[in-house]
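Asker: This is the structure I want to talk about, given as structure tokens.
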There are 2 protein chains.
Amino acid sequence: MDTSTRYFDDLKQSERFQSATYIVSGAAIIEFARRFDPQAFHLEPERAEQTMLKGLTASGWHTAAITMRLFVETLSFAEGAIGLGVDELRWPNPVRPGDAVRVETEIIDLRRSRSNPNCGIVRLRNVTTNQRGEIVQTMLASVLVVRRRPFGITTQHPR
Amino acid sequence: MDTSTRYFDDLKQSERFQSATYIVSGAAIIEFARRFDPQAFHLEPERAEQTMLKGLTASGWHTAAITMRLFVETLSFAEGAIGLGVDELRWPNPVRPGDAVRVETEIIDLRRSRSNPNCGIVRLRNVTTNQRGEIVQTMLASVLVVRRRPFGITTQHPR
């Protein structure tokens with residue numbers, strides 16, 4: 001199967017996907033924090049030691065963004081996956097400089113979109129783990145994905 | 001009140017905070033997408049016109065990261081706010097190049113941490129709007145925040 005053209009119809013309930021590995025450098029942790037989450041435990045290695053997190057730790061939003069990157073590359077939907085919503089986003093363990101994280105995606109539920117018959121809604125669980133198998137993030141997400149259409153037939157999206 | 005030293009004890013239930021405004025440039029949308037969410041509607045202005053989103057749109061994770069930035073700067077906790085979890089994260093309207101977004105934070109609930117008596121858990125709602133007042137993101141979050149301690153008394157965090 002050409003993974004560059006995955007459509008809604010290609011997915012099966014309970015199917016699981018394993019992503020590649022992504023190394024989270026200390027420099028990347030600090031850069032993300034400077035832009036989006038400027039707090040000492042994400043930004044300043046020495047001060048971070050004195051905080052509740054006891055050392056430099058990636059922002060949870062950085063972990064979430066890396067998870068999206070790994071998810072998008074693994075599932076590789078032909079026309080993309082539009083996030084509708086996320087629930088139960090949790091960060092049970094810290095991401096530290098040098099950690100190698102990866103994502104397992106499990107397809108929880110598949111249903112057609114009522115408002116857009118060309119699309120389906122995929123309910124999925126993404127679990128992000130580090131090199132020791134510790135869970136650093138979990139979430140449930142719903143994404144909108146285009147359905148496979150007969151080649152050459154152009155359909156219109158309702159407005 | 002010195003907003004650079006806000007503690008758990010300074011917050012009141014139902015209190016609301018209004019952030020500054022943050023301009024989301026097209027270049028920033030594309031840069032974030034290249035790193036974390038490489039899909040056409042976040043990355044390629046011309047192809048984005050042909051997608052379901054009908055134009056270049058910020059990744060939801062970019063909006064979430066910007067929201068964190070505005071929240072952190074507005075609440076400005078003395079020892080930071082550690083994210084415990086997020087629920088009901090939704091993106092009801094797209095963020096487009098040039099949009100000016102801001103965040104309203106409402107304190108929903110305040111309770112002491114059972115595992116760490118020096119801390120409190122803040123349950124809050126963050127609503128992110130654009131320059132037309134349209135809601136571009138909502139979420140419920142729980143964050144861990146340090147309690148105010150008598151000056152000069154050093155307490156230990158339990159391990």
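Numbering starts fresh at 1 for the residues of each chain in the structure tokens, the chains themselves are lettered A, B, ... in the order given, and ligands are numbered from 1 as they appear.
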Would you list the contacts of Phe8 of chain A as a PyMOL selection string, taking every protein, DNA or RNA residue within 8 Å and counting only C-alpha atoms, but skipping same-chain residues closer than 4 positions in sequence?

Answerer: chain A and resi 119-122+145-148

Asker: Would you write out those residues with N, CA and C atoms, as a compact mmCIF listing (two decimals), in the first residue's frame?

Answerer:
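Final output, result23.txt:
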```txt
# COMPACT_ATOMS: atom_id res chain seq x y z
N CYS A 119 -16.17 12.78 3.75
CA CYS A 119 -15.21 12.63 4.85
C CYS A 119 -15.67 11.62 5.88
N GLY A 120 -14.70 11.18 6.64
CA GLY A 120 -14.99 10.35 7.80
C GLY A 120 -14.31 10.93 9.02
N ILE A 121 -14.85 10.56 10.19
CA ILE A 121 -14.26 11.03 11.45
C ILE A 121 -13.58 9.84 12.12
N VAL A 122 -12.29 10.00 12.37
CA VAL A 122 -11.49 8.95 13.00
C VAL A 122 -11.28 9.33 14.46
N VAL A 145 -10.96 13.08 8.03
CA VAL A 145 -10.11 12.53 6.97
C VAL A 145 -10.97 12.30 5.73
N VAL A 146 -10.40 12.58 4.57
CA VAL A 146 -11.16 12.43 3.32
C VAL A 146 -11.34 10.95 2.97
N ARG A 147 -12.52 10.62 2.40
CA ARG A 147 -12.81 9.26 1.95
C ARG A 147 -12.26 9.05 0.54
N ARG A 148 -12.01 7.79 0.22
CA ARG A 148 -11.52 7.45 -1.11
C ARG A 148 -12.64 7.66 -2.12
```

Asker: Which of segment 51-130 of chain B counts as helix (DSSP H, G or I) under DSSP, as a PDB file with C-alpha atoms, in the first residue's frame please?

Answerer:
```pdb
ATOM      1  CA  GLY B  60      -4.299  23.529  16.167  1.00  0.00           C
ATOM      2  CA  TRP B  61      -1.120  22.725  18.109  1.00  0.00           C
ATOM      3  CA  HIS B  62       0.291  26.086  17.079  1.00  0.00           C
ATOM      4  CA  THR B  63      -2.830  27.779  18.429  1.00  0.00           C
ATOM      5  CA  ALA B  64      -2.486  25.739  21.621  1.00  0.00           C
ATOM      6  CA  ALA B  65       1.174  26.775  21.983  1.00  0.00           C
ATOM      7  CA  ILE B  66       0.341  30.466  21.428  1.00  0.00           C
ATOM      8  CA  THR B  67      -2.452  30.134  23.990  1.00  0.00           C
ATOM      9  CA  MET B  68       0.063  28.755  26.500  1.00  0.00           C
ATOM     10  CA  ARG B  69       2.373  31.687  25.844  1.00  0.00           C
ATOM     11  CA  LEU B  70      -0.409  34.208  26.446  1.00  0.00           C
ATOM     12  CA  PHE B  71      -1.663  32.333  29.530  1.00  0.00           C
ATOM     13  CA  VAL B  72       1.831  32.091  31.090  1.00  0.00           C
ATOM     14  CA  GLU B  73       2.494  35.790  30.533  1.00  0.00           C
ATOM     15  CA  THR B  74      -0.888  36.835  31.903  1.00  0.00           C
ATOM     16  CA  LEU B  75      -0.980  34.710  35.053  1.00  0.00           C
TER      17      LEU B  75
END
```

Asker: Find the spatial neighbours of Glu79 of chain A, counting only C-alpha atoms, within a cut-off of 12 Å - ignore same-chain residues fewer than 3 positions away - and output them as JSON, numbers by chain.

Answerer: {"A": [3, 4, 5, 6, 7, 8, 72, 75, 76, 82, 118, 119, 144, 145, 146, 147, 148, 149], "B": [38, 39, 40, 41, 42, 47, 48, 50, 51, 52, 53]}

Asker: For the residues in the current selection, export N, CA and C atoms as an mmCIF file, in the first residue's frame.

Answerer:
```cif
data_model
loop_
_atom_site.group_PDB
_atom_site.id
_atom_site.type_symbol
_atom_site.label_atom_id
_atom_site.label_comp_id
_atom_site.auth_asym_id
_atom_site.auth_seq_id
_atom_site.Cartn_x
_atom_site.Cartn_y
_atom_site.Cartn_z
ATOM 1 N N THR A 3 1.686 4.446 1.267
ATOM 2 C CA THR A 3 1.289 5.156 2.489
ATOM 3 C C THR A 3 1.144 6.651 2.268
ATOM 4 N N SER A 4 1.504 7.136 1.068
ATOM 5 C CA SER A 4 1.317 8.565 0.820
ATOM 6 C C SER A 4 -0.118 8.858 0.404
ATOM 7 N N THR A 5 -0.931 7.824 0.260
ATOM 8 C CA THR A 5 -2.314 8.048 -0.154
ATOM 9 C C THR A 5 -3.279 7.280 0.740
ATOM 10 N N ARG A 6 -3.166 7.463 2.030
ATOM 11 C CA ARG A 6 -4.080 6.779 2.938
ATOM 12 C C ARG A 6 -5.376 7.585 3.047
ATOM 13 N N TYR A 7 -6.488 6.868 2.928
ATOM 14 C CA TYR A 7 -7.798 7.498 3.030
ATOM 15 C C TYR A 7 -8.558 6.908 4.215
ATOM 16 N N PHE A 8 -9.668 7.559 4.549
ATOM 17 C CA PHE A 8 -10.523 7.080 5.637
ATOM 18 C C PHE A 8 -10.831 5.594 5.485
ATOM 19 N N VAL A 72 1.412 12.440 11.948
ATOM 20 C CA VAL A 72 1.172 12.855 10.556
ATOM 21 C C VAL A 72 2.061 12.057 9.602
ATOM 22 N N LEU A 75 0.776 8.136 9.621
ATOM 23 C CA LEU A 75 -0.504 7.842 8.968
ATOM 24 C C LEU A 75 -0.546 8.378 7.548
ATOM 25 N N SER A 76 0.077 9.534 7.308
ATOM 26 C CA SER A 76 0.267 10.071 5.965
ATOM 27 C C SER A 76 -1.008 10.070 5.123
ATOM 28 N N ILE A 82 -7.591 16.756 9.695
ATOM 29 C CA ILE A 82 -7.943 18.013 10.365
ATOM 30 C C ILE A 82 -8.404 17.687 11.782
ATOM 31 N N ASN A 118 -18.119 13.310 1.997
ATOM 32 C CA ASN A 118 -16.820 12.924 1.429
ATOM 33 C C ASN A 118 -15.800 12.595 2.497
ATOM 34 N N CYS A 119 -16.172 12.777 3.752
ATOM 35 C CA CYS A 119 -15.205 12.634 4.846
ATOM 36 C C CYS A 119 -15.670 11.624 5.879
ATOM 37 N N LEU A 144 -10.704 14.637 11.113
ATOM 38 C CA LEU A 144 -11.515 14.541 9.898
ATOM 39 C C LEU A 144 -10.591 14.155 8.744
ATOM 40 N N VAL A 145 -10.964 13.078 8.028
ATOM 41 C CA VAL A 145 -10.112 12.532 6.969
ATOM 42 C C VAL A 145 -10.973 12.301 5.726
ATOM 43 N N VAL A 146 -10.403 12.581 4.571
ATOM 44 C CA VAL A 146 -11.159 12.428 3.324
ATOM 45 C C VAL A 146 -11.342 10.948 2.972
ATOM 46 N N ARG A 147 -12.525 10.621 2.403
ATOM 47 C CA ARG A 147 -12.807 9.255 1.951
ATOM 48 C C ARG A 147 -12.264 9.053 0.537
ATOM 49 N N ARG A 148 -12.008 7.795 0.218
ATOM 50 C CA ARG A 148 -11.520 7.453 -1.109
ATOM 51 C C ARG A 148 -12.640 7.659 -2.125
ATOM 52 N N ARG A 149 -12.329 8.268 -3.231
ATOM 53 C CA ARG A 149 -13.332 8.504 -4.265
ATOM 54 C C ARG A 149 -12.908 7.823 -5.549
ATOM 55 N N PRO B 38 3.294 18.984 9.267
ATOM 56 C CA PRO B 38 3.516 19.246 7.829
ATOM 57 C C PRO B 38 2.380 18.739 6.949
ATOM 58 N N GLN B 39 1.290 19.475 6.931
ATOM 59 C CA GLN B 39 0.157 19.154 6.076
ATOM 60 C C GLN B 39 -0.137 20.389 5.211
ATOM 61 N N ALA B 40 -0.657 20.141 4.006
ATOM 62 C CA ALA B 40 -0.758 21.205 2.999
ATOM 63 C C ALA B 40 -1.507 22.438 3.510
ATOM 64 N N PHE B 41 -2.598 22.210 4.273
ATOM 65 C CA PHE B 41 -3.410 23.371 4.691
ATOM 66 C C PHE B 41 -2.729 24.230 5.763
ATOM 67 N N HIS B 42 -1.614 23.719 6.333
ATOM 68 C CA HIS B 42 -0.837 24.511 7.295
ATOM 69 C C HIS B 42 0.464 25.042 6.684
ATOM 70 N N ARG B 47 -1.843 25.417 -2.277
ATOM 71 C CA ARG B 47 -2.540 24.131 -2.146
ATOM 72 C C ARG B 47 -3.618 24.202 -1.062
ATOM 73 N N ALA B 48 -3.353 25.016 -0.042
ATOM 74 C CA ALA B 48 -4.321 25.130 1.062
ATOM 75 C C ALA B 48 -5.689 25.595 0.579
ATOM 76 N N GLN B 50 -7.224 24.667 -1.965
ATOM 77 C CA GLN B 50 -7.978 23.546 -2.547
ATOM 78 C C GLN B 50 -8.447 22.548 -1.486
ATOM 79 N N THR B 51 -8.061 22.765 -0.246
ATOM 80 C CA THR B 51 -8.388 21.783 0.795
ATOM 81 C C THR B 51 -9.694 22.144 1.498
ATOM 82 N N MET B 52 -10.094 21.273 2.398
ATOM 83 C CA MET B 52 -11.322 21.508 3.162
ATOM 84 C C MET B 52 -11.256 22.794 3.967
ATOM 85 N N LEU B 53 -10.067 23.222 4.324
ATOM 86 C CA LEU B 53 -9.935 24.434 5.147
ATOM 87 C C LEU B 53 -9.932 25.716 4.308
#
```

Asker: Measure the distance from atom CA of Val24 of chain A to atom CA of Thr138 of chain B in Å and round it to one decimal.

Answerer: 27.7 Å

Asker: Which of segment 23-109 of chain B end up as strand (DSSP E or B) when DSSP is run on this backbone - answer as a ChimeraX atom specification?

Answerer: /B:23-24,77,81-90,99-109

Asker: Keeping only C-alpha atoms, write the selected residues to a file as a PDB file, in the first residue's frame.

Answerer:
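Saved to out17.pdb:
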```pdb
ATOM      1  CA  ILE B  23      -0.432  38.410  15.918  1.00  0.00           C
ATOM      2  CA  VAL B  24      -0.131  35.101  14.055  1.00  0.00           C
ATOM      3  CA  PHE B  77       3.098  32.394  38.483  1.00  0.00           C
ATOM      4  CA  ALA B  81       2.414  26.358  36.305  1.00  0.00           C
ATOM      5  CA  ILE B  82       2.921  22.673  35.541  1.00  0.00           C
ATOM      6  CA  GLY B  83       0.308  21.233  33.210  1.00  0.00           C
ATOM      7  CA  LEU B  84      -1.334  18.115  34.604  1.00  0.00           C
ATOM      8  CA  GLY B  85      -3.873  17.583  31.875  1.00  0.00           C
ATOM      9  CA  VAL B  86      -6.183  19.102  29.306  1.00  0.00           C
ATOM     10  CA  ASP B  87      -9.710  18.147  28.317  1.00  0.00           C
ATOM     11  CA  GLU B  88     -12.195  19.293  25.726  1.00  0.00           C
ATOM     12  CA  LEU B  89      -9.565  20.919  23.534  1.00  0.00           C
ATOM     13  CA  ARG B  90     -11.502  22.181  20.475  1.00  0.00           C
ATOM     14  CA  ASP B  99      -5.132  37.032  12.902  1.00  0.00           C
ATOM     15  CA  ALA B 100      -4.770  38.736  16.286  1.00  0.00           C
ATOM     16  CA  VAL B 101      -5.633  36.260  19.016  1.00  0.00           C
ATOM     17  CA  ARG B 102      -6.009  36.618  22.751  1.00  0.00           C
ATOM     18  CA  VAL B 103      -6.974  34.370  25.637  1.00  0.00           C
ATOM     19  CA  GLU B 104      -9.493  34.713  28.416  1.00  0.00           C
ATOM     20  CA  THR B 105      -8.742  32.519  31.422  1.00  0.00           C
ATOM     21  CA  GLU B 106     -11.467  31.681  33.904  1.00  0.00           C
ATOM     22  CA  ILE B 107     -10.628  30.018  37.213  1.00  0.00           C
ATOM     23  CA  ILE B 108     -13.080  27.127  37.543  1.00  0.00           C
ATOM     24  CA  ASP B 109     -11.911  25.397  40.699  1.00  0.00           C
TER      25      ASP B 109
END
```
